[in-house]
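Source file: start25.pdb; contents: PDB, C-alpha atoms, pLDDT in the B column.
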```pdb
MODEL        1
ATOM      1  CA  MET A   1      -4.176 -16.296 -29.427  1.00 45.00           C
ATOM      2  CA  ALA A   2      -1.555 -15.836 -26.713  1.00 44.00           C
ATOM      3  CA  SER A   3      -3.625 -12.910 -25.484  1.00 46.00           C
ATOM      4  CA  GLY A   4      -6.618 -15.235 -24.931  1.00 46.00           C
ATOM      5  CA  ARG A   5      -4.483 -17.610 -22.865  1.00 47.00           C
ATOM      6  CA  GLU A   6      -3.096 -14.724 -20.795  1.00 47.00           C
ATOM      7  CA  THR A   7      -6.628 -13.442 -20.224  1.00 45.00           C
ATOM      8  CA  SER A   8      -7.760 -16.861 -19.017  1.00 46.00           C
ATOM      9  CA  HIS A   9      -4.717 -17.125 -16.718  1.00 47.00           C
ATOM     10  CA  THR A  10      -5.299 -13.636 -15.279  1.00 47.00           C
ATOM     11  CA  PHE A  11      -8.962 -14.426 -14.844  1.00 45.00           C
ATOM     12  CA  GLY A  12      -8.034 -17.468 -12.727  1.00 47.00           C
ATOM     13  CA  GLU A  13      -5.656 -15.452 -10.549  1.00 49.00           C
ATOM     14  CA  HIS A  14      -8.274 -12.787  -9.841  1.00 46.00           C
ATOM     15  CA  SER A  15     -10.833 -15.468  -9.069  1.00 46.00           C
ATOM     16  CA  LEU A  16      -8.487 -16.882  -6.396  1.00 46.00           C
ATOM     17  CA  GLU A  17      -8.021 -13.413  -4.909  1.00 46.00           C
ATOM     18  CA  VAL A  18     -11.764 -12.776  -4.747  1.00 44.00           C
ATOM     19  CA  ASN A  19     -12.427 -16.204  -3.209  1.00 48.00           C
ATOM     20  CA  SER A  20      -9.777 -15.550  -0.545  1.00 47.00           C
ATOM     21  CA  LEU A  21     -11.486 -12.268   0.351  1.00 44.00           C
ATOM     22  CA  LEU A  22     -14.842 -14.082   0.727  1.00 45.00           C
ATOM     23  CA  ASP A  23     -13.548 -17.166   2.546  1.00 51.00           C
ATOM     24  CA  PRO A  24     -16.584 -18.754   4.310  1.00 52.00           C
ATOM     25  CA  SER A  25     -14.353 -19.962   7.163  1.00 57.00           C
ATOM     26  CA  TYR A  26     -13.367 -16.363   7.905  1.00 51.00           C
ATOM     27  CA  LEU A  27     -17.010 -15.278   7.968  1.00 50.00           C
ATOM     28  CA  ALA A  28     -17.910 -18.232  10.181  1.00 53.00           C
ATOM     29  CA  GLN A  29     -15.091 -17.385  12.614  1.00 57.00           C
ATOM     30  CA  THR A  30     -16.283 -13.778  12.762  1.00 53.00           C
ATOM     31  CA  SER A  31     -19.850 -14.851  13.486  1.00 53.00           C
ATOM     32  CA  ALA A  32     -18.704 -17.336  16.145  1.00 55.00           C
ATOM     33  CA  HIS A  33     -16.560 -14.649  17.783  1.00 53.00           C
ATOM     34  CA  LEU A  34     -19.555 -12.330  17.986  1.00 51.00           C
ATOM     35  CA  ARG A  35     -21.773 -15.058  19.496  1.00 55.00           C
ATOM     36  CA  SER A  36     -19.101 -15.918  22.073  1.00 57.00           C
ATOM     37  CA  ALA A  37     -18.765 -12.285  23.071  1.00 51.00           C
ATOM     38  CA  MET A  38     -22.527 -11.929  23.444  1.00 51.00           C
ATOM     39  CA  GLU A  39     -22.778 -15.143  25.542  1.00 55.00           C
ATOM     40  CA  ALA A  40     -19.878 -14.064  27.746  1.00 51.00           C
ATOM     41  CA  LEU A  41     -21.538 -10.718  28.266  1.00 48.00           C
ATOM     42  CA  SER A  42     -24.906 -12.276  29.142  1.00 50.00           C
ATOM     43  CA  ASN A  43     -23.304 -14.790  31.575  1.00 52.00           C
ATOM     44  CA  GLN A  44     -21.439 -12.149  33.627  1.00 49.00           C
ATOM     45  CA  PRO A  45     -22.651 -11.931  37.264  1.00 49.00           C
ATOM     46  CA  ALA A  46     -24.607  -8.900  38.283  1.00 46.00           C
ATOM     47  CA  PRO A  47     -22.203  -6.206  39.502  1.00 47.00           C
ATOM     48  CA  LEU A  48     -22.445  -4.791  42.972  1.00 43.00           C
ATOM     49  CA  ASN A  49     -22.448  -1.293  41.675  1.00 48.00           C
ATOM     50  CA  ALA A  50     -25.279  -0.830  39.187  1.00 46.00           C
ATOM     51  CA  GLY A  51     -23.775   2.338  37.721  1.00 52.00           C
ATOM     52  CA  VAL A  52     -20.407   0.741  37.062  1.00 53.00           C
ATOM     53  CA  GLY A  53     -22.069  -2.324  35.551  1.00 56.00           C
ATOM     54  CA  LEU A  54     -24.124  -0.142  33.271  1.00 61.00           C
ATOM     55  CA  CYS A  55     -21.009   1.666  32.042  1.00 72.00           C
ATOM     56  CA  GLU A  56     -19.203  -1.601  31.411  1.00 74.00           C
ATOM     57  CA  THR A  57     -22.222  -2.940  29.506  1.00 77.00           C
ATOM     58  CA  ASP A  58     -22.377   0.227  27.446  1.00 78.00           C
ATOM     59  CA  THR A  59     -18.631  -0.045  26.702  1.00 84.00           C
ATOM     60  CA  GLU A  60     -19.031  -3.646  25.531  1.00 84.00           C
ATOM     61  CA  LEU A  61     -21.963  -2.668  23.350  1.00 83.00           C
ATOM     62  CA  GLN A  62     -19.979   0.182  21.829  1.00 84.00           C
ATOM     63  CA  LYS A  63     -17.087  -2.186  21.142  1.00 86.00           C
ATOM     64  CA  MET A  64     -19.390  -4.719  19.481  1.00 86.00           C
ATOM     65  CA  LEU A  65     -20.986  -1.995  17.384  1.00 85.00           C
ATOM     66  CA  ILE A  66     -17.553  -0.803  16.264  1.00 88.00           C
ATOM     67  CA  ASP A  67     -16.583  -4.374  15.365  1.00 86.00           C
ATOM     68  CA  GLU A  68     -19.837  -4.754  13.470  1.00 85.00           C
ATOM     69  CA  ARG A  69     -19.167  -1.557  11.510  1.00 85.00           C
ATOM     70  CA  MET A  70     -15.679  -2.806  10.627  1.00 90.00           C
ATOM     71  CA  ARG A  71     -17.135  -6.083   9.357  1.00 87.00           C
ATOM     72  CA  CYS A  72     -19.712  -4.146   7.341  1.00 87.00           C
ATOM     73  CA  GLU A  73     -16.933  -2.097   5.750  1.00 89.00           C
ATOM     74  CA  HIS A  74     -15.060  -5.318   5.001  1.00 90.00           C
ATOM     75  CA  HIS A  75     -18.160  -6.768   3.324  1.00 88.00           C
ATOM     76  CA  LYS A  76     -18.601  -3.539   1.363  1.00 87.00           C
ATOM     77  CA  THR A  77     -14.982  -3.716   0.180  1.00 90.00           C
ATOM     78  CA  ASN A  78     -15.474  -7.332  -0.910  1.00 90.00           C
ATOM     79  CA  TYR A  79     -18.587  -6.373  -2.841  1.00 89.00           C
ATOM     80  CA  GLN A  80     -16.775  -3.523  -4.597  1.00 91.00           C
ATOM     81  CA  THR A  81     -13.931  -5.911  -5.469  1.00 91.00           C
ATOM     82  CA  LEU A  82     -16.408  -8.377  -6.961  1.00 91.00           C
ATOM     83  CA  LYS A  83     -18.113  -5.607  -8.896  1.00 90.00           C
ATOM     84  CA  ALA A  84     -14.804  -4.373 -10.338  1.00 91.00           C
ATOM     85  CA  GLU A  85     -13.819  -7.931 -11.282  1.00 91.00           C
ATOM     86  CA  HIS A  86     -17.167  -8.468 -12.987  1.00 92.00           C
ATOM     87  CA  THR A  87     -16.742  -5.232 -14.958  1.00 92.00           C
ATOM     88  CA  ARG A  88     -13.241  -6.245 -16.047  1.00 92.00           C
ATOM     89  CA  LEU A  89     -14.483  -9.617 -17.234  1.00 92.00           C
ATOM     90  CA  GLN A  90     -17.278  -7.960 -19.188  1.00 91.00           C
ATOM     91  CA  ASP A  91     -14.706  -5.702 -20.877  1.00 92.00           C
ATOM     92  CA  GLU A  92     -12.565  -8.719 -21.792  1.00 92.00           C
ATOM     93  CA  TYR A  93     -15.634 -10.499 -23.157  1.00 92.00           C
ATOM     94  CA  THR A  94     -16.500  -7.447 -25.299  1.00 93.00           C
ATOM     95  CA  LYS A  95     -12.915  -7.279 -26.587  1.00 92.00           C
ATOM     96  CA  ALA A  96     -13.043 -10.988 -27.498  1.00 92.00           C
ATOM     97  CA  GLN A  97     -16.271 -10.381 -29.424  1.00 92.00           C
ATOM     98  CA  HIS A  98     -14.663  -7.518 -31.337  1.00 92.00           C
ATOM     99  CA  ASP A  99     -11.625  -9.676 -32.157  1.00 93.00           C
ATOM    100  CA  LEU A 100     -13.897 -12.447 -33.391  1.00 93.00           C
ATOM    101  CA  LYS A 101     -15.837 -10.002 -35.566  1.00 92.00           C
ATOM    102  CA  ARG A 102     -12.603  -8.628 -37.021  1.00 92.00           C
ATOM    103  CA  LEU A 103     -11.353 -12.143 -37.777  1.00 93.00           C
ATOM    104  CA  LEU A 104     -14.606 -13.022 -39.522  1.00 93.00           C
ATOM    105  CA  MET A 105     -14.343  -9.877 -41.652  1.00 92.00           C
ATOM    106  CA  ASP A 106     -10.744 -10.762 -42.546  1.00 92.00           C
ATOM    107  CA  LYS A 107     -11.836 -14.263 -43.501  1.00 90.00           C
ATOM    108  CA  GLN A 108     -14.591 -12.888 -45.712  1.00 91.00           C
ATOM    109  CA  SER A 109     -12.097 -10.537 -47.374  1.00 90.00           C
ATOM    110  CA  ILE A 110      -9.711 -13.433 -48.057  1.00 91.00           C
ATOM    111  CA  GLN A 111     -12.518 -15.497 -49.540  1.00 90.00           C
ATOM    112  CA  GLU A 112     -13.538 -12.628 -51.814  1.00 92.00           C
ATOM    113  CA  LYS A 113      -9.942 -12.211 -52.992  1.00 91.00           C
ATOM    114  CA  PHE A 114      -9.707 -15.935 -53.604  1.00 90.00           C
ATOM    115  CA  HIS A 115     -12.862 -15.934 -55.729  1.00 90.00           C
ATOM    116  CA  LEU A 116     -11.602 -12.946 -57.707  1.00 92.00           C
ATOM    117  CA  LEU A 117      -8.286 -14.683 -58.291  1.00 90.00           C
ATOM    118  CA  LEU A 118     -10.028 -17.871 -59.332  1.00 90.00           C
ATOM    119  CA  ALA A 119     -12.189 -15.938 -61.809  1.00 91.00           C
ATOM    120  CA  GLU A 120      -9.063 -14.241 -63.168  1.00 90.00           C
ATOM    121  CA  LEU A 121      -7.288 -17.561 -63.588  1.00 90.00           C
ATOM    122  CA  ARG A 122     -10.284 -19.044 -65.345  1.00 90.00           C
ATOM    123  CA  GLY A 123     -10.318 -16.083 -67.713  1.00 89.00           C
ATOM    124  CA  GLU A 124      -6.628 -16.598 -68.437  1.00 89.00           C
ATOM    125  CA  LEU A 125      -7.236 -20.281 -69.014  1.00 89.00           C
ATOM    126  CA  LEU A 126     -10.038 -19.493 -71.425  1.00 90.00           C
ATOM    127  CA  ASP A 127      -7.808 -17.050 -73.307  1.00 90.00           C
ATOM    128  CA  LYS A 128      -5.037 -19.627 -73.555  1.00 87.00           C
ATOM    129  CA  THR A 129      -7.504 -22.221 -74.741  1.00 87.00           C
ATOM    130  CA  ARG A 130      -8.670 -19.875 -77.468  1.00 86.00           C
ATOM    131  CA  GLU A 131      -5.089 -19.223 -78.493  1.00 84.00           C
ATOM    132  CA  GLN A 132      -4.542 -22.939 -78.651  1.00 79.00           C
ATOM    133  CA  GLU A 133      -7.564 -23.393 -80.864  1.00 81.00           C
ATOM    134  CA  GLU A 134      -6.294 -20.632 -83.162  1.00 79.00           C
ATOM    135  CA  LEU A 135      -2.938 -22.355 -83.410  1.00 71.00           C
ATOM    136  CA  LYS A 136      -4.665 -25.551 -84.352  1.00 70.00           C
ATOM    137  CA  MET A 137      -6.107 -23.801 -87.356  1.00 71.00           C
ATOM    138  CA  GLN A 138      -2.622 -22.974 -88.607  1.00 69.00           C
ATOM    139  CA  VAL A 139      -0.556 -25.371 -90.593  1.00 61.00           C
ATOM    140  CA  LEU A 140       1.568 -27.237 -88.022  1.00 63.00           C
ATOM    141  CA  THR A 141       3.202 -30.603 -87.956  1.00 71.00           C
ATOM    142  CA  PRO A 142       1.922 -33.056 -85.323  1.00 76.00           C
ATOM    143  CA  GLN A 143       5.259 -32.916 -83.522  1.00 79.00           C
ATOM    144  CA  LYS A 144       5.242 -29.110 -83.271  1.00 73.00           C
ATOM    145  CA  LEU A 145       1.614 -29.142 -82.187  1.00 72.00           C
ATOM    146  CA  GLU A 146       2.342 -31.529 -79.329  1.00 83.00           C
ATOM    147  CA  LEU A 147       5.275 -29.447 -78.207  1.00 83.00           C
ATOM    148  CA  LEU A 148       3.157 -26.325 -78.302  1.00 78.00           C
ATOM    149  CA  LYS A 149       0.418 -27.994 -76.242  1.00 82.00           C
ATOM    150  CA  ALA A 150       2.904 -29.128 -73.628  1.00 85.00           C
ATOM    151  CA  GLN A 151       4.425 -25.659 -73.386  1.00 85.00           C
ATOM    152  CA  ILE A 152       1.070 -23.954 -73.044  1.00 84.00           C
ATOM    153  CA  GLN A 153      -0.102 -26.459 -70.438  1.00 81.00           C
ATOM    154  CA  GLN A 154       3.056 -26.001 -68.433  1.00 82.00           C
ATOM    155  CA  ASP A 155       2.809 -22.209 -68.622  1.00 82.00           C
ATOM    156  CA  LEU A 156      -0.772 -22.329 -67.384  1.00 79.00           C
ATOM    157  CA  GLU A 157      -0.697 -25.011 -64.735  1.00 79.00           C
ATOM    158  CA  ALA A 158       2.552 -24.259 -62.883  1.00 80.00           C
ATOM    159  CA  PRO A 159       1.800 -20.677 -61.712  1.00 81.00           C
ATOM    160  CA  MET A 160      -1.896 -21.391 -61.244  1.00 81.00           C
ATOM    161  CA  ARG A 161      -1.225 -24.398 -59.016  1.00 83.00           C
ATOM    162  CA  GLU A 162       1.280 -22.439 -56.982  1.00 86.00           C
ATOM    163  CA  ARG A 163      -1.078 -19.522 -56.456  1.00 84.00           C
ATOM    164  CA  ILE A 164      -3.959 -21.818 -55.551  1.00 85.00           C
ATOM    165  CA  ARG A 165      -1.742 -23.707 -53.129  1.00 86.00           C
ATOM    166  CA  ARG A 166      -0.721 -20.496 -51.377  1.00 89.00           C
ATOM    167  CA  GLN A 167      -4.316 -19.318 -51.162  1.00 88.00           C
ATOM    168  CA  GLU A 168      -5.434 -22.653 -49.709  1.00 89.00           C
ATOM    169  CA  GLU A 169      -2.676 -22.545 -47.089  1.00 90.00           C
ATOM    170  CA  GLU A 170      -3.619 -19.021 -46.115  1.00 89.00           C
ATOM    171  CA  ALA A 171      -7.324 -19.916 -45.953  1.00 88.00           C
ATOM    172  CA  GLU A 172      -6.518 -22.951 -43.784  1.00 90.00           C
ATOM    173  CA  ARG A 173      -4.446 -20.804 -41.419  1.00 89.00           C
ATOM    174  CA  TYR A 174      -7.273 -18.303 -40.999  1.00 89.00           C
ATOM    175  CA  ARG A 175      -9.742 -21.156 -40.505  1.00 90.00           C
ATOM    176  CA  ALA A 176      -7.590 -22.602 -37.723  1.00 90.00           C
ATOM    177  CA  GLU A 177      -7.257 -19.202 -36.039  1.00 89.00           C
ATOM    178  CA  TYR A 178     -11.000 -18.656 -36.292  1.00 89.00           C
ATOM    179  CA  ASN A 179     -11.782 -22.039 -34.706  1.00 91.00           C
ATOM    180  CA  LYS A 180      -9.295 -21.393 -31.911  1.00 90.00           C
ATOM    181  CA  LEU A 181     -10.711 -17.948 -31.192  1.00 89.00           C
ATOM    182  CA  ARG A 182     -14.250 -19.282 -31.220  1.00 88.00           C
ATOM    183  CA  TYR A 183     -13.249 -21.958 -28.685  1.00 90.00           C
ATOM    184  CA  GLU A 184     -11.564 -19.397 -26.446  1.00 89.00           C
ATOM    185  CA  HIS A 185     -14.604 -17.137 -26.746  1.00 88.00           C
ATOM    186  CA  THR A 186     -16.926 -19.992 -25.683  1.00 90.00           C
ATOM    187  CA  PHE A 187     -14.628 -20.895 -22.781  1.00 90.00           C
ATOM    188  CA  LEU A 188     -14.369 -17.288 -21.595  1.00 89.00           C
ATOM    189  CA  LYS A 189     -18.124 -16.826 -21.812  1.00 88.00           C
ATOM    190  CA  SER A 190     -18.651 -19.970 -19.714  1.00 89.00           C
ATOM    191  CA  GLU A 191     -16.116 -18.756 -17.135  1.00 90.00           C
ATOM    192  CA  ILE A 192     -17.844 -15.377 -16.902  1.00 89.00           C
ATOM    193  CA  GLU A 193     -21.241 -16.978 -16.369  1.00 90.00           C
ATOM    194  CA  HIS A 194     -19.820 -19.273 -13.706  1.00 90.00           C
ATOM    195  CA  GLN A 195     -18.077 -16.389 -11.932  1.00 90.00           C
ATOM    196  CA  LYS A 196     -21.242 -14.308 -12.076  1.00 89.00           C
ATOM    197  CA  GLU A 197     -23.325 -17.094 -10.495  1.00 90.00           C
ATOM    198  CA  GLU A 198     -20.662 -17.689  -7.861  1.00 90.00           C
ATOM    199  CA  SER A 199     -20.495 -13.966  -7.046  1.00 90.00           C
ATOM    200  CA  GLU A 200     -24.268 -13.724  -6.709  1.00 90.00           C
ATOM    201  CA  ARG A 201     -24.361 -16.787  -4.467  1.00 90.00           C
ATOM    202  CA  ILE A 202     -21.583 -15.467  -2.203  1.00 90.00           C
ATOM    203  CA  LEU A 203     -23.221 -12.046  -2.038  1.00 91.00           C
ATOM    204  CA  ASP A 204     -26.564 -13.616  -1.061  1.00 90.00           C
ATOM    205  CA  GLU A 205     -24.850 -15.650   1.660  1.00 90.00           C
ATOM    206  CA  LYS A 206     -23.084 -12.549   2.965  1.00 89.00           C
ATOM    207  CA  VAL A 207     -26.354 -10.585   3.053  1.00 90.00           C
ATOM    208  CA  MET A 208     -28.103 -13.415   4.917  1.00 91.00           C
ATOM    209  CA  ARG A 209     -25.252 -13.673   7.425  1.00 89.00           C
ATOM    210  CA  PHE A 210     -25.161  -9.941   7.904  1.00 89.00           C
ATOM    211  CA  GLU A 211     -28.925  -9.834   8.504  1.00 88.00           C
ATOM    212  CA  ALA A 212     -28.636 -12.720  10.972  1.00 87.00           C
ATOM    213  CA  GLU A 213     -25.771 -11.047  12.842  1.00 86.00           C
ATOM    214  CA  ARG A 214     -27.632  -7.756  12.940  1.00 86.00           C
ATOM    215  CA  ALA A 215     -30.744  -9.527  14.250  1.00 85.00           C
ATOM    216  CA  MET A 216     -28.659 -11.237  16.955  1.00 85.00           C
ATOM    217  CA  THR A 217     -27.068  -7.906  17.901  1.00 82.00           C
ATOM    218  CA  THR A 218     -30.484  -6.230  18.105  1.00 76.00           C
ATOM    219  CA  ASP A 219     -31.865  -9.040  20.275  1.00 68.00           C
ATOM    220  CA  SER A 220     -28.865  -8.850  22.617  1.00 65.00           C
ATOM    221  CA  VAL A 221     -28.912  -5.056  22.977  1.00 57.00           C
ATOM    222  CA  GLY A 222     -32.661  -4.899  23.469  1.00 54.00           C
ATOM    223  CA  PRO A 223     -35.262  -2.547  22.009  1.00 52.00           C
ATOM    224  CA  PRO A 224     -34.331   1.111  21.374  1.00 50.00           C
ATOM    225  CA  GLY A 225     -34.303   3.147  24.557  1.00 50.00           C
ATOM    226  CA  TYR A 226     -33.515   0.153  26.755  1.00 45.00           C
ATOM    227  CA  VAL A 227     -30.218   1.574  28.017  1.00 41.00           C
ATOM    228  CA  ALA A 228     -31.733   5.006  28.497  1.00 42.00           C
ATOM    229  CA  GLN A 229     -34.418   3.534  30.762  1.00 45.00           C
ATOM    230  CA  LEU A 230     -31.790   1.867  32.907  1.00 42.00           C
TER     231      LEU A 230
ENDMDL
END
```
Would you kindly transcribe this structure into structure tokens?
Amino acid sequence: MASGRETSHTFGEHSLEVNSLLDPSYLAQTSAHLRSAMEALSNQPAPLNAGVGLCETDTELQKMLIDERMRCEHHKTNYQTLKAEHTRLQDEYTKAQHDLKRLLMDKQSIQEKFHLLLAELRGELLDKTREQEELKMQVLTPQKLELLKAQIQQDLEAPMRERIRRQEEEAERYRAEYNKLRYEHTFLKSEIEHQKEESERILDEKVMRFEAERAMTTDSVGPPGYVAQL
């Protein structure tokens, strides 16, 4: 059960790391920086020397394209990190399912042993009862008969009660472990679903922002061949 708690704790730590990599404020700052650079470039006065101005414009465009490629690589790295985290969580979920299956099989085995033991004890009780009935047929004084009954009852009940008590304690312990594992399994499954939805939402936002930034960059640079014509 400690393993389930450690898994949940590790899951939370990795979630914080992934969220820090996909911080919306960072993406917003990057987008704002790009817009500012494009506005500053568009507001520059026309240079006296057209050739020099064209070179400077081309240099700025190259710089912006390099920055855009770096941001694309950063987004790609974030996506790969999310994918690896999702795979790890799926592996942990599969392991939890296997542990639950193993625990259920152990519980079934314990129950079968308990039923076999109970049947054995009932057979012993029946044999003792028959022996008691046979003793009744013999010539015995009432005092000896009562003593014999008490002895037989004590011999039967004491070990049987002790064995049943131990079996009940063991069954209760397995029942508690099963309930705890089932709760942790439900919690982990819920966390995985939530993380999956959050990852898909963040990825969709990143794609939309990337498409918007690319559209803005295309509009600012102009149609293909624009620089060549100049």
Inset, instruction - Give as an MDAnalysis selection string the residues that the PyMOL selection byres ((chain A and resi 81-96) around 7) matches when applied to the coordinates above. - result: chainID A and resid 18 77:80 97:100 185 189 192 199
Inset, instruction - Determine, counting only C-alpha atoms, which protein, DNA and RNA residues have an atom within 10 Å of an atom of Glu68 (chain A); residues of the same chain fewer than 2 positions away are not included. Present the result as a PyMOL selection string. - result: chain A and resi 30+34+62-66+70-74+210+213-214+217
Can you spit out the residues from that selection as an mmCIF file, in the coordinates of the input, using C-alpha atoms?
```cif
data_model
loop_
_atom_site.group_PDB
_atom_site.id
_atom_site.type_symbol
_atom_site.label_atom_id
_atom_site.label_comp_id
_atom_site.auth_asym_id
_atom_site.auth_seq_id
_atom_site.Cartn_x
_atom_site.Cartn_y
_atom_site.Cartn_z
ATOM 1 C CA THR A 30 -16.283 -13.778 12.762
ATOM 2 C CA LEU A 34 -19.555 -12.330 17.986
ATOM 3 C CA GLN A 62 -19.979 0.182 21.829
ATOM 4 C CA LYS A 63 -17.087 -2.186 21.142
ATOM 5 C CA MET A 64 -19.390 -4.719 19.481
ATOM 6 C CA LEU A 65 -20.986 -1.995 17.384
ATOM 7 C CA ILE A 66 -17.553 -0.803 16.264
ATOM 8 C CA MET A 70 -15.679 -2.806 10.627
ATOM 9 C CA ARG A 71 -17.135 -6.083 9.357
ATOM 10 C CA CYS A 72 -19.712 -4.146 7.341
ATOM 11 C CA GLU A 73 -16.933 -2.097 5.750
ATOM 12 C CA HIS A 74 -15.060 -5.318 5.001
ATOM 13 C CA PHE A 210 -25.161 -9.941 7.904
ATOM 14 C CA GLU A 213 -25.771 -11.047 12.842
ATOM 15 C CA ARG A 214 -27.632 -7.756 12.940
ATOM 16 C CA THR A 217 -27.068 -7.906 17.901
#
```
Legend entry - Residue nearest Leu116 (chain A) among A:Gln132, A:Gln167, A:Asp67, A:Leu145 (counting all atoms listed in the file):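 Smallest separation from Leu116 (chain A) among the options: A:Gln167.
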Inset, instruction - Rank A:His194, A:Arg69, A:Lys107, A:Lys101 by their smallest atom-to-atom distance to Glu170 (chain A), using all atoms listed in the file, and report the top residue only. - result: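 The closest residue to Glu170 (chain A) is A:Lys107.
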Inset, instruction - Using all atoms listed in the file, find the one residue out of A:Leu135, A:Ala212, A:Val207, A:Met105 that sits nearest to Lys76 (chain A). - result: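 Closest candidate: A:Val207.
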Inset, instruction - Have a look at CA of Gln195 (chain A) and CA of Leu103 (chain A) and let me know their distance in Å, one decimal. - result: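 Separation between CA of Gln195 (chain A) and CA of Leu103 (chain A): 27.0 Å.
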Inset, instruction - Choose the residue, out of A:Thr186, A:Thr57, A:Asn179, A:Gln153, that has the smallest atom-to-atom separation from Thr129 (chain A); count only C-alpha atoms. - result: A:Gln153
Inset, instruction - To one decimal in Å, tell me the separation between CA of Phe114 (chain A) and CA of Pro159 (chain A). - result: 14.9 Å
Could you write out as AutoDock Vina command-line options the box around region 63-78 of chain A (axis-aligned, all atoms listed in the file, 6 Å on each side), with centre and edge lengths in Å to one decimal?
```
--center_x -18.0 --center_y -4.1 --center_z 10.1 --size_x 18.0 --size_y 18.5 --size_z 34.1
```
Inset, instruction - Calculate how many Å separate CA of Arg161 (chain A) from CA of Lys180 (chain A), rounding to one decimal. - result: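 It comes out at 28.4 Å.
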Legend entry - Distance criterion (only C-alpha atoms): nearest to Leu117 (chain A) out of A:Arg182, A:Arg166, A:Arg201, A:Lys196: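 Closest to Leu117 (chain A), using only C-alpha atoms: A:Arg166.
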Please evaluate the PyMOL selection byres ((chain A and resi 128) around 12) against the displayed coordinates and give the resulting residues as a compact mmCIF listing (two decimals) with C-alpha atoms, in the coordinates of the input.
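The file below, part01.txt, is the result:
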```
# COMPACT_ATOMS: atom_id res chain seq x y z
CA LEU A 121 -7.29 -17.56 -63.59
CA ARG A 122 -10.28 -19.04 -65.34
CA GLY A 123 -10.32 -16.08 -67.71
CA GLU A 124 -6.63 -16.60 -68.44
CA LEU A 125 -7.24 -20.28 -69.01
CA LEU A 126 -10.04 -19.49 -71.42
CA ASP A 127 -7.81 -17.05 -73.31
CA THR A 129 -7.50 -22.22 -74.74
CA ARG A 130 -8.67 -19.88 -77.47
CA GLU A 131 -5.09 -19.22 -78.49
CA GLN A 132 -4.54 -22.94 -78.65
CA GLU A 133 -7.56 -23.39 -80.86
CA GLU A 134 -6.29 -20.63 -83.16
CA LEU A 135 -2.94 -22.36 -83.41
CA LEU A 148 3.16 -26.32 -78.30
CA LYS A 149 0.42 -27.99 -76.24
CA GLN A 151 4.42 -25.66 -73.39
CA ILE A 152 1.07 -23.95 -73.04
CA GLN A 153 -0.10 -26.46 -70.44
CA GLN A 154 3.06 -26.00 -68.43
CA ASP A 155 2.81 -22.21 -68.62
CA LEU A 156 -0.77 -22.33 -67.38
CA GLU A 157 -0.70 -25.01 -64.74
```
